[in-house]
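Structure below is work-v9.txt: compact mmCIF, C-alpha atoms and all ligand atoms.
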# COMPACT_ATOMS: atom_id res chain seq x y z
CA MET A 326 -27.59 -42.70 -124.88
CA LEU A 327 -26.44 -44.39 -121.75
CA ASP A 328 -29.67 -46.41 -121.54
CA SER A 329 -29.50 -47.67 -125.14
CA THR A 330 -25.93 -48.75 -124.65
CA LEU A 331 -27.06 -50.64 -121.60
CA PHE A 332 -29.91 -52.21 -123.53
CA LEU A 333 -27.67 -53.38 -126.37
CA ALA A 334 -25.14 -54.70 -123.96
CA SER A 335 -27.79 -56.70 -122.11
CA GLY A 336 -28.38 -58.84 -125.25
CA GLY A 337 -31.66 -60.33 -123.90
CA GLY A 338 -35.12 -60.83 -125.49
CA ARG A 339 -37.55 -57.93 -126.01
CA THR A 340 -39.58 -58.32 -122.80
CA ARG A 341 -36.63 -59.18 -120.56
CA GLY A 342 -34.60 -56.42 -122.23
CA GLY A 343 -37.47 -53.95 -121.72
CA LYS A 344 -37.61 -54.78 -118.01
CA MET A 345 -33.86 -54.41 -117.73
CA VAL A 346 -33.98 -50.98 -119.38
CA VAL A 347 -36.55 -49.89 -116.81
CA VAL A 348 -34.45 -51.31 -113.95
CA ARG A 349 -31.25 -49.78 -115.25
CA ARG A 350 -32.93 -46.44 -115.90
CA ARG A 351 -34.12 -46.48 -112.31
CA ASN A 352 -30.59 -47.32 -111.15
CA VAL A 353 -29.14 -44.49 -113.18
CA LYS A 354 -31.74 -42.07 -111.78
CA MET A 355 -31.07 -43.23 -108.24
CA PHE A 356 -27.34 -42.96 -108.78
CA THR A 357 -27.70 -39.44 -110.22
CA PHE A 358 -30.00 -38.42 -107.38
CA ALA A 359 -27.62 -39.81 -104.73
CA PHE A 360 -24.67 -38.11 -106.42
CA LEU A 361 -26.46 -34.75 -106.50
CA LEU A 362 -27.63 -35.15 -102.91
CA ILE A 363 -24.11 -35.89 -101.66
CA THR A 364 -22.60 -33.04 -103.67
CA VAL A 365 -25.18 -30.49 -102.55
CA THR A 366 -25.10 -31.66 -98.92
CA SER A 367 -21.34 -31.54 -98.66
CA PHE A 368 -21.35 -28.16 -100.39
CA VAL A 369 -23.95 -26.77 -98.00
CA LEU A 370 -22.22 -28.30 -94.95
CA ASN A 371 -18.88 -26.93 -96.00
CA TYR A 372 -20.23 -23.45 -96.56
CA THR A 373 -23.21 -23.26 -94.21
CA HIS A 374 -21.94 -20.14 -92.53
CA GLN A 375 -21.56 -18.25 -95.77
CA VAL A 376 -24.87 -19.30 -97.21
CA THR A 377 -26.85 -18.42 -94.12
CA THR A 378 -25.34 -14.95 -93.90
CA SER A 379 -25.88 -14.05 -97.57
CA THR A 380 -28.71 -11.98 -99.02
CA TRP A 381 -31.11 -13.34 -101.65
CA ASP A 382 -30.09 -10.92 -104.39
CA PRO A 383 -29.57 -13.24 -107.43
CA ARG A 384 -26.46 -11.37 -108.63
CA HIS A 385 -24.96 -11.52 -105.14
CA LEU A 386 -25.78 -15.23 -104.95
CA ALA A 387 -24.16 -15.86 -108.32
CA VAL A 388 -20.96 -14.08 -107.25
CA GLN A 389 -20.93 -16.00 -103.97
CA PHE A 390 -21.54 -19.28 -105.77
CA SER A 391 -18.64 -18.68 -108.11
CA GLU A 392 -16.40 -17.75 -105.14
CA HIS A 393 -17.40 -20.98 -103.42
CA VAL A 394 -16.61 -23.03 -106.50
CA GLN A 395 -13.24 -21.31 -106.83
CA LYS A 396 -12.52 -22.03 -103.16
CA LEU A 397 -13.52 -25.65 -103.60
CA PHE A 398 -10.87 -25.99 -106.28
CA LYS A 399 -8.29 -23.96 -104.38
CA TYR A 400 -8.85 -25.67 -101.00
CA PRO A 401 -10.37 -29.06 -101.81
CA ARG A 402 -10.52 -29.91 -98.10
CA ARG A 403 -11.13 -26.76 -96.12
CA PRO A 404 -10.17 -26.94 -92.44
CA CYS A 405 -13.54 -25.57 -91.31
CA SER A 406 -16.95 -24.43 -92.51
CA CYS A 407 -16.72 -20.76 -91.45
CA ARG A 408 -16.63 -17.99 -94.06
CA THR A 409 -12.87 -17.95 -93.53
CA CYS A 410 -10.81 -20.31 -91.34
CA ILE A 411 -7.85 -18.92 -89.40
CA SER A 412 -5.51 -21.76 -90.33
CA GLU A 413 -6.05 -21.29 -94.09
CA LEU A 414 -2.88 -19.79 -95.44
CA GLY A 415 -2.42 -17.69 -98.57
CA ARG A 416 -4.17 -14.49 -97.49
CA SER A 417 -1.34 -12.67 -95.75
CA LEU A 418 2.40 -13.28 -96.08
CA TRP A 419 2.93 -11.63 -92.67
CA PHE A 420 0.64 -14.23 -91.08
CA ASP A 421 1.92 -17.19 -93.08
CA GLN A 422 5.51 -16.42 -92.05
CA ARG A 423 4.56 -16.53 -88.36
CA PHE A 424 1.79 -19.12 -88.00
CA ASN A 425 2.97 -22.68 -87.40
CA SER A 426 0.06 -25.09 -87.21
CA THR A 427 2.26 -27.95 -86.02
CA MET A 428 2.97 -26.27 -82.68
CA GLN A 429 1.16 -27.93 -79.77
CA PRO A 430 -0.59 -25.54 -77.36
CA PHE A 431 -1.01 -28.13 -74.57
CA LEU A 432 1.56 -30.02 -72.60
CA THR A 433 0.24 -33.56 -72.23
CA SER A 434 1.54 -36.85 -70.88
CA GLN A 435 2.08 -37.81 -74.55
CA ASN A 436 4.22 -34.81 -75.57
CA ALA A 437 5.86 -34.00 -72.21
CA LEU A 438 9.37 -34.03 -73.64
CA ILE A 439 10.31 -30.34 -73.88
CA PRO A 440 13.19 -29.77 -76.32
CA GLU A 441 16.44 -28.68 -74.66
CA ASP A 442 16.48 -25.18 -76.25
CA SER A 443 12.87 -24.49 -75.18
CA TYR A 444 13.63 -25.72 -71.68
CA ARG A 445 16.70 -23.46 -71.35
CA TRP A 446 14.73 -20.45 -72.58
CA TRP A 447 11.83 -21.20 -70.25
CA LEU A 448 14.11 -21.66 -67.18
CA LYS A 449 15.31 -18.08 -67.58
CA LEU A 450 11.83 -16.48 -67.62
CA GLN A 451 11.61 -16.14 -63.87
CA GLY A 452 15.25 -16.93 -63.06
CA GLU A 453 14.69 -20.11 -61.06
CA LYS A 454 17.94 -20.67 -59.15
CA THR A 455 17.67 -24.34 -58.15
CA PRO A 456 14.85 -25.88 -60.21
CA LYS A 457 13.70 -29.40 -59.38
CA SER A 458 14.09 -31.96 -62.20
CA LEU A 459 11.54 -31.22 -64.92
CA ASN A 460 11.07 -34.87 -65.83
CA ALA A 461 10.38 -35.88 -62.25
CA THR A 462 8.02 -32.91 -61.86
CA LEU A 463 6.07 -33.79 -65.00
CA THR A 464 5.83 -37.45 -64.02
CA GLU A 465 4.41 -36.39 -60.69
CA LEU A 466 2.08 -33.86 -62.32
CA PHE A 467 0.63 -36.32 -64.83
CA GLY A 468 0.25 -38.82 -62.00
CA VAL A 469 -2.19 -36.38 -60.42
CA ILE A 470 -3.95 -34.73 -63.41
CA PRO A 471 -5.04 -36.77 -66.47
CA GLY A 472 -2.72 -35.05 -68.99
CA ASP A 473 -4.85 -36.04 -71.98
CA GLY A 474 -4.94 -32.58 -73.48
CA ASP A 475 -8.31 -31.19 -74.39
CA PRO A 476 -11.05 -32.37 -76.75
CA LEU A 477 -10.96 -28.68 -77.74
CA GLN A 478 -8.15 -29.68 -80.06
CA GLU A 479 -10.23 -32.17 -82.01
CA ARG A 480 -12.33 -30.65 -84.75
CA GLY A 481 -13.78 -31.57 -88.08
CA SER A 482 -13.82 -29.65 -91.29
CA TYR A 483 -17.64 -29.49 -91.22
CA THR A 484 -17.71 -27.28 -88.14
CA CYS A 485 -17.11 -23.62 -87.50
CA ARG A 486 -15.65 -23.11 -84.03
CA ARG A 487 -16.14 -19.54 -82.84
CA CYS A 488 -14.10 -18.35 -79.86
CA ALA A 489 -14.12 -15.18 -77.79
CA VAL A 490 -10.88 -14.16 -76.08
CA VAL A 491 -11.68 -11.75 -73.26
CA GLY A 492 -8.79 -9.67 -71.91
CA ASN A 493 -9.01 -7.61 -68.74
CA SER A 494 -9.04 -4.07 -70.10
CA GLY A 495 -11.18 -1.30 -68.63
CA ASN A 496 -12.44 -0.64 -72.17
CA LEU A 497 -15.03 -3.36 -71.50
CA ARG A 498 -16.86 -1.10 -69.08
CA GLN A 499 -20.24 -0.04 -70.48
CA SER A 500 -19.44 -1.90 -73.69
CA GLN A 501 -22.59 -4.06 -73.51
CA TYR A 502 -20.63 -6.91 -75.19
CA GLY A 503 -21.95 -9.51 -72.72
CA GLN A 504 -24.53 -11.27 -74.94
CA ASP A 505 -22.23 -11.18 -77.92
CA ILE A 506 -19.37 -12.75 -75.93
CA ASP A 507 -21.65 -15.46 -74.53
CA SER A 508 -22.81 -16.44 -78.05
CA HIS A 509 -19.42 -18.02 -78.84
CA ASP A 510 -18.73 -21.76 -78.64
CA PHE A 511 -15.70 -21.11 -76.45
CA VAL A 512 -15.14 -18.17 -74.15
CA LEU A 513 -11.58 -17.76 -72.87
CA ARG A 514 -10.82 -15.53 -69.87
CA MET A 515 -7.74 -14.96 -67.76
CA ASN A 516 -6.21 -14.19 -64.37
CA ARG A 517 -8.45 -12.55 -61.77
CA ALA A 518 -11.18 -11.58 -64.26
CA PRO A 519 -14.62 -11.72 -62.61
CA THR A 520 -17.95 -12.05 -64.44
CA THR A 521 -20.37 -11.71 -61.53
CA GLY A 522 -21.61 -8.13 -61.45
CA TYR A 523 -20.23 -7.38 -64.94
CA GLU A 524 -22.42 -9.70 -67.03
CA SER A 525 -23.87 -7.07 -69.38
CA ASP A 526 -20.38 -5.95 -70.40
CA VAL A 527 -18.31 -9.15 -70.26
CA GLY A 528 -20.89 -11.97 -70.33
CA SER A 529 -21.25 -14.86 -67.92
CA LYS A 530 -20.05 -17.84 -69.93
CA THR A 531 -16.50 -19.17 -69.50
CA THR A 532 -15.26 -22.40 -71.02
CA HIS A 533 -11.51 -21.95 -70.41
CA HIS A 534 -9.70 -19.76 -67.87
CA PHE A 535 -5.93 -19.10 -68.05
CA VAL A 536 -4.10 -18.71 -64.73
CA TYR A 537 -0.73 -19.05 -63.06
CA PRO A 538 -0.29 -19.59 -59.30
CA GLU A 539 0.04 -15.86 -58.59
CA SER A 540 -3.17 -15.00 -60.49
CA TYR A 541 -5.27 -18.00 -59.43
CA LYS A 542 -8.96 -17.54 -58.73
CA GLU A 543 -11.57 -20.20 -57.97
CA LEU A 544 -13.54 -21.20 -61.06
CA ALA A 545 -17.04 -22.63 -61.62
CA ALA A 546 -17.07 -26.43 -61.75
CA ASN A 547 -17.67 -26.61 -65.52
CA VAL A 548 -14.75 -24.34 -66.44
CA SER A 549 -11.44 -25.77 -67.68
CA MET A 550 -8.44 -24.21 -65.98
CA ILE A 551 -5.42 -23.74 -68.22
CA LEU A 552 -2.31 -23.39 -66.09
CA ILE A 553 0.39 -21.26 -67.69
CA PRO A 554 3.63 -22.43 -66.09
CA PHE A 555 6.41 -19.83 -66.05
CA LYS A 556 8.68 -21.96 -63.85
CA THR A 557 9.09 -25.50 -62.49
CA LEU A 558 7.63 -24.36 -59.18
CA ASP A 559 4.33 -23.53 -60.94
CA LEU A 560 4.00 -27.16 -62.07
CA ARG A 561 4.85 -28.42 -58.59
CA TRP A 562 2.34 -25.97 -57.10
CA VAL A 563 -0.52 -27.62 -59.03
CA VAL A 564 0.43 -30.98 -57.53
CA THR A 565 0.66 -29.72 -53.95
CA ALA A 566 -2.41 -27.49 -54.31
CA LEU A 567 -4.41 -30.64 -55.13
CA THR A 568 -2.73 -32.79 -52.46
CA THR A 569 -0.52 -31.78 -49.53
CA GLY A 570 -0.92 -27.99 -49.68
CA THR A 571 2.78 -27.46 -48.93
CA ILE A 572 3.58 -24.64 -51.40
CA ASN A 573 2.17 -21.29 -50.37
CA PHE A 574 4.76 -18.86 -51.72
CA THR A 575 6.45 -18.34 -55.10
CA TYR A 576 7.56 -14.73 -55.52
CA VAL A 577 4.36 -13.70 -53.73
CA PRO A 578 1.93 -15.67 -51.53
CA VAL A 579 -0.13 -18.22 -53.52
CA PRO A 580 -3.12 -20.38 -52.46
CA ARG A 581 -2.13 -23.56 -50.62
CA LYS A 582 -5.16 -25.46 -51.88
CA ILE A 583 -7.39 -25.12 -54.92
CA LYS A 584 -10.93 -26.45 -55.40
CA VAL A 585 -10.77 -27.06 -59.15
CA LYS A 586 -11.27 -30.71 -60.13
CA LYS A 587 -8.08 -32.37 -61.38
CA GLU A 588 -9.94 -33.52 -64.53
CA LYS A 589 -10.51 -29.87 -65.46
CA ILE A 590 -6.83 -28.89 -65.38
CA LEU A 591 -4.86 -28.42 -68.60
CA VAL A 592 -1.30 -27.24 -68.96
CA TYR A 593 0.01 -24.65 -71.43
CA ASN A 594 3.05 -25.87 -73.35
CA PRO A 595 6.34 -24.00 -72.64
CA SER A 596 7.51 -24.80 -76.19
CA PHE A 597 4.40 -23.07 -77.53
CA MET A 598 5.30 -20.05 -75.38
CA LYS A 599 8.75 -19.92 -76.96
CA TYR A 600 7.23 -20.19 -80.43
CA ILE A 601 5.10 -17.11 -79.66
CA TYR A 602 8.07 -15.22 -78.27
CA GLU A 603 10.16 -15.91 -81.36
CA ASN A 604 7.71 -16.03 -84.26
CA TRP A 605 5.19 -13.42 -83.13
CA LEU A 606 6.86 -11.21 -80.54
CA GLU A 607 10.21 -11.22 -82.33
CA HIS A 608 11.89 -11.20 -78.89
CA HIS A 609 10.13 -8.05 -77.66
CA GLY A 610 9.65 -7.88 -73.89
CA ARG A 611 10.91 -10.54 -71.48
CA TYR A 612 8.15 -13.01 -72.38
CA PRO A 613 4.56 -12.91 -73.70
CA SER A 614 1.72 -11.64 -71.54
CA THR A 615 -1.20 -13.85 -70.59
CA GLY A 616 -3.35 -11.92 -73.06
CA LEU A 617 -1.06 -12.71 -75.99
CA LEU A 618 -0.63 -16.33 -74.85
CA SER A 619 -4.44 -16.69 -74.80
CA LEU A 620 -4.94 -15.02 -78.16
CA MET A 621 -2.30 -17.18 -79.85
CA PHE A 622 -3.74 -20.27 -78.21
CA ALA A 623 -7.12 -19.35 -79.71
CA LEU A 624 -5.63 -18.82 -83.18
CA HIS A 625 -4.44 -22.42 -83.06
CA VAL A 626 -7.55 -24.14 -81.71
CA CYS A 627 -10.40 -22.01 -83.11
CA ASP A 628 -11.69 -21.29 -86.61
CA GLU A 629 -12.89 -17.75 -85.86
CA VAL A 630 -11.58 -15.54 -83.04
CA ASP A 631 -13.24 -12.42 -81.65
CA VAL A 632 -11.13 -10.36 -79.28
CA TYR A 633 -12.52 -8.22 -76.44
CA GLY A 634 -10.90 -6.33 -73.57
CA PHE A 635 -7.49 -5.66 -75.09
CA GLY A 636 -5.81 -2.24 -75.13
CA ALA A 637 -6.51 1.09 -73.48
CA ASP A 638 -9.93 2.65 -73.08
CA SER A 639 -10.95 5.70 -75.11
CA LYS A 640 -9.26 7.96 -72.53
CA GLY A 641 -5.94 6.12 -72.82
CA HIS A 642 -6.22 4.25 -69.49
CA TRP A 643 -4.92 0.69 -69.18
CA HIS A 644 -6.73 -0.36 -65.97
CA HIS A 645 -8.79 -3.56 -65.35
CA TYR A 646 -12.54 -3.45 -66.00
CA TRP A 647 -13.37 -4.36 -62.41
CA GLU A 648 -11.10 -1.74 -60.83
CA ASN A 649 -11.87 1.94 -60.33
CA ASN A 650 -8.28 3.14 -60.20
CA THR A 651 -7.75 4.16 -63.82
CA SER A 652 -4.06 4.81 -63.28
CA GLY A 653 -3.55 1.27 -61.93
CA GLY A 654 -2.95 -0.39 -65.31
CA ALA A 655 0.31 -2.19 -64.67
CA PHE A 656 0.18 -4.09 -67.95
CA ARG A 657 2.44 -1.60 -69.73
CA LYS A 658 4.44 -0.52 -66.70
CA THR A 659 6.14 -3.59 -65.25
CA GLY A 660 8.65 -3.96 -68.07
CA VAL A 661 7.93 -7.70 -68.27
CA HIS A 662 5.83 -7.45 -71.43
CA ASP A 663 6.07 -5.16 -74.43
CA GLY A 664 2.47 -3.98 -74.31
CA ASP A 665 2.74 -1.77 -77.39
CA PHE A 666 4.31 -4.44 -79.60
CA GLU A 667 1.76 -6.98 -78.40
CA PHE A 668 -1.09 -4.61 -79.09
CA ASN A 669 0.24 -4.01 -82.61
CA ILE A 670 0.17 -7.76 -83.26
CA THR A 671 -3.51 -7.75 -82.27
CA LEU A 672 -4.28 -4.80 -84.54
CA THR A 673 -2.41 -6.37 -87.45
CA LEU A 674 -4.30 -9.64 -87.04
CA ALA A 675 -7.51 -7.62 -87.16
CA SER A 676 -6.40 -5.65 -90.22
CA ILE A 677 -5.78 -8.85 -92.20
CA GLU A 678 -9.13 -10.22 -90.94
CA LYS A 679 -7.70 -13.17 -89.03
CA ILE A 680 -9.49 -11.94 -85.90
CA LYS A 681 -12.25 -9.44 -85.16
CA PHE A 682 -11.22 -6.80 -82.66
CA PHE A 683 -13.82 -5.17 -80.40
CA LYS A 684 -12.31 -1.98 -79.04
CA GLY A 685 -14.81 -1.29 -76.27
CA ARG A 686 -15.28 2.18 -74.80
C1 LIG A 701 1.28 -5.81 -61.64
C2 LIG A 701 1.35 -6.95 -62.64
O1 LIG A 701 2.23 -7.77 -62.58
N1 LIG A 701 0.37 -6.98 -63.52
C3 LIG A 701 0.32 -8.04 -64.51
C4 LIG A 701 -0.94 -8.87 -64.30
C5 LIG A 701 -0.99 -9.52 -62.92
O2 LIG A 701 0.09 -10.41 -62.76
C6 LIG A 701 -2.28 -10.32 -62.81
O3 LIG A 701 -3.38 -9.50 -63.09
C7 LIG A 701 -2.43 -10.89 -61.40
O4 LIG A 701 -3.67 -11.43 -61.30
O5 LIG A 701 -1.02 -9.91 -65.27
C8 LIG A 701 -0.94 -9.57 -66.63
O6 LIG A 701 -2.18 -9.12 -67.18
P1 LIG A 701 -3.61 -8.71 -66.58
O7 LIG A 701 -4.18 -9.72 -65.70
O8 LIG A 701 -3.51 -7.31 -66.07
O9 LIG A 701 -4.48 -8.67 -67.92
C9 LIG A 701 -4.62 -9.81 -68.75
C10 LIG A 701 -4.39 -9.45 -70.19
O10 LIG A 701 -5.37 -8.52 -70.62
C11 LIG A 701 -4.81 -7.60 -71.54
N2 LIG A 701 -5.02 -6.22 -71.04
C12 LIG A 701 -5.22 -5.97 -69.73
C13 LIG A 701 -5.48 -4.67 -69.32
C14 LIG A 701 -5.53 -3.66 -70.25
N3 LIG A 701 -5.85 -2.41 -69.92
N4 LIG A 701 -5.29 -3.93 -71.54
C15 LIG A 701 -5.03 -5.18 -71.95
O11 LIG A 701 -4.81 -5.39 -73.15
C16 LIG A 701 -3.34 -7.94 -71.68
O12 LIG A 701 -3.23 -8.73 -72.84
C17 LIG A 701 -3.06 -8.77 -70.46
O13 LIG A 701 -2.06 -9.73 -70.66
C18 LIG A 701 -0.63 -10.87 -67.41
O14 LIG A 701 -0.66 -11.93 -66.80
O15 LIG A 701 -0.42 -10.75 -68.63
C19 LIG A 701 0.13 -8.54 -66.96
C20 LIG A 701 0.23 -7.43 -65.92
O16 LIG A 701 1.39 -6.64 -66.14
C1 LIG A 702 5.34 -6.64 -61.52
C2 LIG A 702 6.46 -7.54 -61.94
O1 LIG A 702 7.38 -7.15 -62.64
N1 LIG A 702 6.37 -8.79 -61.54
C3 LIG A 702 7.39 -9.77 -61.85
C4 LIG A 702 6.68 -11.03 -62.30
O2 LIG A 702 6.05 -10.74 -63.52
C5 LIG A 702 4.74 -11.20 -63.65
O3 LIG A 702 4.78 -12.61 -63.81
C6 LIG A 702 3.49 -13.18 -64.02
C7 LIG A 702 3.65 -14.67 -64.08
O4 LIG A 702 4.17 -15.15 -62.88
C8 LIG A 702 2.86 -12.61 -65.27
O5 LIG A 702 3.61 -12.95 -66.40
C9 LIG A 702 2.76 -11.12 -65.14
O6 LIG A 702 2.24 -10.59 -66.32
C10 LIG A 702 4.12 -10.51 -64.85
O7 LIG A 702 3.97 -9.13 -64.59
C11 LIG A 702 7.63 -12.17 -62.45
O8 LIG A 702 8.42 -12.01 -63.58
C12 LIG A 702 8.44 -12.34 -61.18
C13 LIG A 702 9.49 -13.42 -61.34
O9 LIG A 702 10.11 -13.60 -60.12
O10 LIG A 702 9.10 -11.11 -60.86
C14 LIG A 702 8.18 -10.06 -60.57
O11 LIG A 702 8.89 -8.94 -60.17
Rendering of file as structure tokens:
Amino acid sequence: MLDSTLFLASGGGRTRGGKMVVVRRRNVKMFTFAFLLITVTSFVLNYTHQVTTSTWDPRHLAVQFSEHVQKLFKYPRRPCSCRTCISELGRSLWFDQRFNSTMQPFLTSQNALIPEDSYRWWLKLQGEKTPKSLNATLTELFGVIPGDGDPLQERGSYTCRRCAVVGNSGNLRQSQYGQDIDSHDFVLRMNRAPTTGYESDVGSKTTHHFVYPESYKELAANVSMILIPFKTLDLRWVVTALTTGTINFTYVPVPRKIKVKKEKILVYNPSFMKYIYENWLEHHGRYPSTGLLSLMFALHVCDEVDVYGFGADSKGHWHHYWENNTSGGAFRKTGVHDGDFEFNITLTLASIEKIKFFKGR
């Protein structure tokens, strides 16, 4: 039908017209082929993860196919190619009411203006009596470290970014999660957590390590350090620890000098901290723990999040996986964080399938 219309429209002699029909038919075929190729490729790219994990049962495939088509109509531009993407809303009202994708996890030289209310809240966290000017401190800081943020934040909708957040719980002991943890694109660890000697349980890969001055540990050269600043002094400490070495005490002794390369240092955004405290913690505890700050960070920069090393072990102990003193778990005892409320957030996220929770042993 299409071809004959083309032929009539061409209006030429028989031979010329015949050639044109052949040429136009070829064009139509090529166009159809290209169209199908683009459609199928984009479909496969968008849903690679699902397709590769499915079985070859025809009925199962048909159901999956229809789900994919429905999703294509519902979310014409999905944010990622995983089976489900964390930032896709519409699955849980509880989540949708709390998750704010516009919040910026990193403090960079571009967004270094902290709103007044966030700044006031943040100043109270550790009761700094005579804080130095924040603006002057940030100018100095971003004069020393690049302050570009992290390429971690850039992602395309054709990728599926899988992250492991590894907390410090003793439930990791004898868990044998090591290989599983290392299979993720990004592995986030925190504070004094070691890997050497614990590889079979906690893995050996680290891409990002969260610390504050009081919990600093030297990191491998390829690891990005994410400083969580709880006070102005923490930001100033980074500067002096890379230069003069003058600060060696906050509320406890801290290292004068650090070996980490300045290009590998990123800074957690105090406004993002406040967002977590208000939206997720609903003002429980004095401020969020490093574990919750890391988990929430991951929810905002990853498409899939698997959580390890959070909570008590099977005997109810809250110690660290590298320590033998099972009664030493200070996480729930200091009164700084509301460990139970935080843990419930983690369990709820798992129950609505926004994260996978690995409970350990
Ligand atoms: C005595 C004390 O202040 N302990 C705090 C320590 C301490 O400052 C650092 O370890 C120093 O290196 O830091 C904390 O935490 P900590 O370093 O113990 O652990 C990091 C995060 O892992 C999760 N965790 C830990 C142990 C456990 N049995 N269950 C868990 O779920 C928690 O999510 C926890 O946040 C912190 O920064 O949050 C919170 C702890 O309360
Ligand atoms: C044990 C305790 O209560 N220590 C507090 C200390 O809390 C710790 O702060 C860390 C960040 O610096 C981190 O958040 C850790 O999880 C907290 O236990 C600070 O609040 C400090 C402020 O001066 O006071 C200490 O007594």
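Residue nearest Thr464 (chain A) within the list A:Leu617, A:Leu497, A:Val527, A:Val564: A:Val564 [criterion: smallest interatomic distance, all atoms listed in the file].
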Kindly compile the residues surrounding ligand LIG 701 (chain A) within 8 Å, counting only C-alpha atoms and all ligand atoms, and format them as a PyMOL selection string. chain A and resi 491-496+515-518+536+539-541+613-618+634-638+642-646+654-662+664+667-668
Between CA of Leu558 (chain A) and CA of Pro430 (chain A), what is the spacing in Å? 20.0 Å
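Closest approach to ligand LIG 702 (chain A) from the set A:Asp628, A:Glu465, A:Glu441, A:Glu453 is made by A:Glu453, with distances taken over only C-alpha atoms and all ligand atoms.
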If you count all atoms listed in the file, which residues fall within 9 Å of region 674-683 of chain A, apart from same-chain ones fewer than 3 positions away, as a PyMOL selection string? chain A and resi 409-412+416-417+420+502+624+629-635+669-671
Please produce an output containing C-alpha atoms for each residue in the selection, written as a short mmCIF file (atom, residue, chain, number, x, y, z; two decimals), in the frame of the given file.
data_model
loop_
_atom_site.label_atom_id
_atom_site.label_comp_id
_atom_site.auth_asym_id
_atom_site.auth_seq_id
_atom_site.Cartn_x
_atom_site.Cartn_y
_atom_site.Cartn_z
CA THR A 409 -12.87 -17.95 -93.53
CA CYS A 410 -10.81 -20.31 -91.34
CA ILE A 411 -7.85 -18.92 -89.40
CA SER A 412 -5.51 -21.76 -90.33
CA ARG A 416 -4.17 -14.49 -97.49
CA SER A 417 -1.34 -12.67 -95.75
CA PHE A 420 0.64 -14.23 -91.08
CA TYR A 502 -20.63 -6.91 -75.19
CA LEU A 624 -5.63 -18.82 -83.18
CA GLU A 629 -12.89 -17.75 -85.86
CA VAL A 630 -11.58 -15.54 -83.04
CA ASP A 631 -13.24 -12.42 -81.65
CA VAL A 632 -11.13 -10.36 -79.28
CA TYR A 633 -12.52 -8.22 -76.44
CA GLY A 634 -10.90 -6.33 -73.57
CA PHE A 635 -7.49 -5.66 -75.09
CA ASN A 669 0.24 -4.01 -82.61
CA ILE A 670 0.17 -7.76 -83.26
CA THR A 671 -3.51 -7.75 -82.27
#
Quick check, in Å to one decimal: how far apart do CA of Thr575 (chain A) and CA of Trp447 (chain A) lie? 16.3 Å
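Distance annotation: of A:Asp663, A:Glu543, A:Asp507, A:Glu413, the residue with the minimal separation from His608 (chain A) is A:Asp663; atom set is all atoms listed in the file.
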List as a ChimeraX atom specification the protein and nucleic acid residues near Ile470 (chain A), meaning an atom at most 12 Å away when only C-alpha atoms are counted, but skip any in the same chain fewer than 6 places from it. /A:432-434,463-464,550,552,560-561,563-568,585-592
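Here CA of Ser525 (chain A) stands at a distance of 4.6 Å from CA of Gly503 (chain A).
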Test item: axis-aligned box, all listed atoms of ligand LIG 702 (chain A), 5 Å on each side, centre and edges in Å rounded to one decimal, as AutoDock Vina command-line options:
--center_x 6.2 --center_y -10.9 --center_z -63.3 --size_x 17.9 --size_y 18.5 --size_z 16.3
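Of the residues listed (A:His609, A:Arg403, A:Lys556, A:Lys640), A:Lys556 shows the shortest atom-to-atom separation from ligand LIG 702 (chain A); distances use all atoms listed in the file.
With distances restricted to all atoms listed in the file, A:Phe666 is the closest residue to Glu607 (chain A) from A:Phe666, A:Tyr537, A:Gln451, A:Asp442.
Shortest atom-to-atom contact with ligand LIG 702 (chain A) among A:Leu448, A:Leu438, A:Cys488, A:Ala545: A:Leu448, counting all atoms listed in the file.
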Can you list, as JSON, numbers by chain, every protein, DNA or RNA residue that comes within 12 Å of Gly570 (chain A) when you count all atoms listed in the file, leaving out same-chain residues fewer than 6 positions away? {"A": [561, 562, 563, 564, 579, 580, 581, 582, 583, 584]}
Protein and nucleic acid residues near (-21.0, -7.1, -66.1) (cut-off 9 Å, all atoms listed in the file) as an mmCIF file with C-alpha atoms, in the coordinates of the input:
data_model
loop_
_atom_site.group_PDB
_atom_site.id
_atom_site.type_symbol
_atom_site.label_atom_id
_atom_site.label_comp_id
_atom_site.auth_asym_id
_atom_site.auth_seq_id
_atom_site.Cartn_x
_atom_site.Cartn_y
_atom_site.Cartn_z
ATOM 1 C CA LEU A 497 -15.030 -3.360 -71.500
ATOM 2 C CA ARG A 498 -16.860 -1.100 -69.080
ATOM 3 C CA GLN A 499 -20.240 -0.040 -70.480
ATOM 4 C CA GLN A 501 -22.590 -4.060 -73.510
ATOM 5 C CA GLY A 503 -21.950 -9.510 -72.720
ATOM 6 C CA PRO A 519 -14.620 -11.720 -62.610
ATOM 7 C CA THR A 520 -17.950 -12.050 -64.440
ATOM 8 C CA THR A 521 -20.370 -11.710 -61.530
ATOM 9 C CA GLY A 522 -21.610 -8.130 -61.450
ATOM 10 C CA TYR A 523 -20.230 -7.380 -64.940
ATOM 11 C CA GLU A 524 -22.420 -9.700 -67.030
ATOM 12 C CA SER A 525 -23.870 -7.070 -69.380
ATOM 13 C CA ASP A 526 -20.380 -5.950 -70.400
ATOM 14 C CA VAL A 527 -18.310 -9.150 -70.260
ATOM 15 C CA GLY A 528 -20.890 -11.970 -70.330
ATOM 16 C CA SER A 529 -21.250 -14.860 -67.920
ATOM 17 C CA TRP A 647 -13.370 -4.360 -62.410
#
Using all atoms listed in the file, which residues sit within 12 Å of Met428 (chain A) once same-chain residues fewer than 4 positions away are excluded, as a list in words? Arg423, Phe424, Leu432, Asn436, Gln478, Tyr593, Asn594, Pro595, Ser596, Phe597, Met598, Lys599, Tyr600, Ile601, Asn604, Met621, Phe622, Leu624, His625 and Val626 of chain A
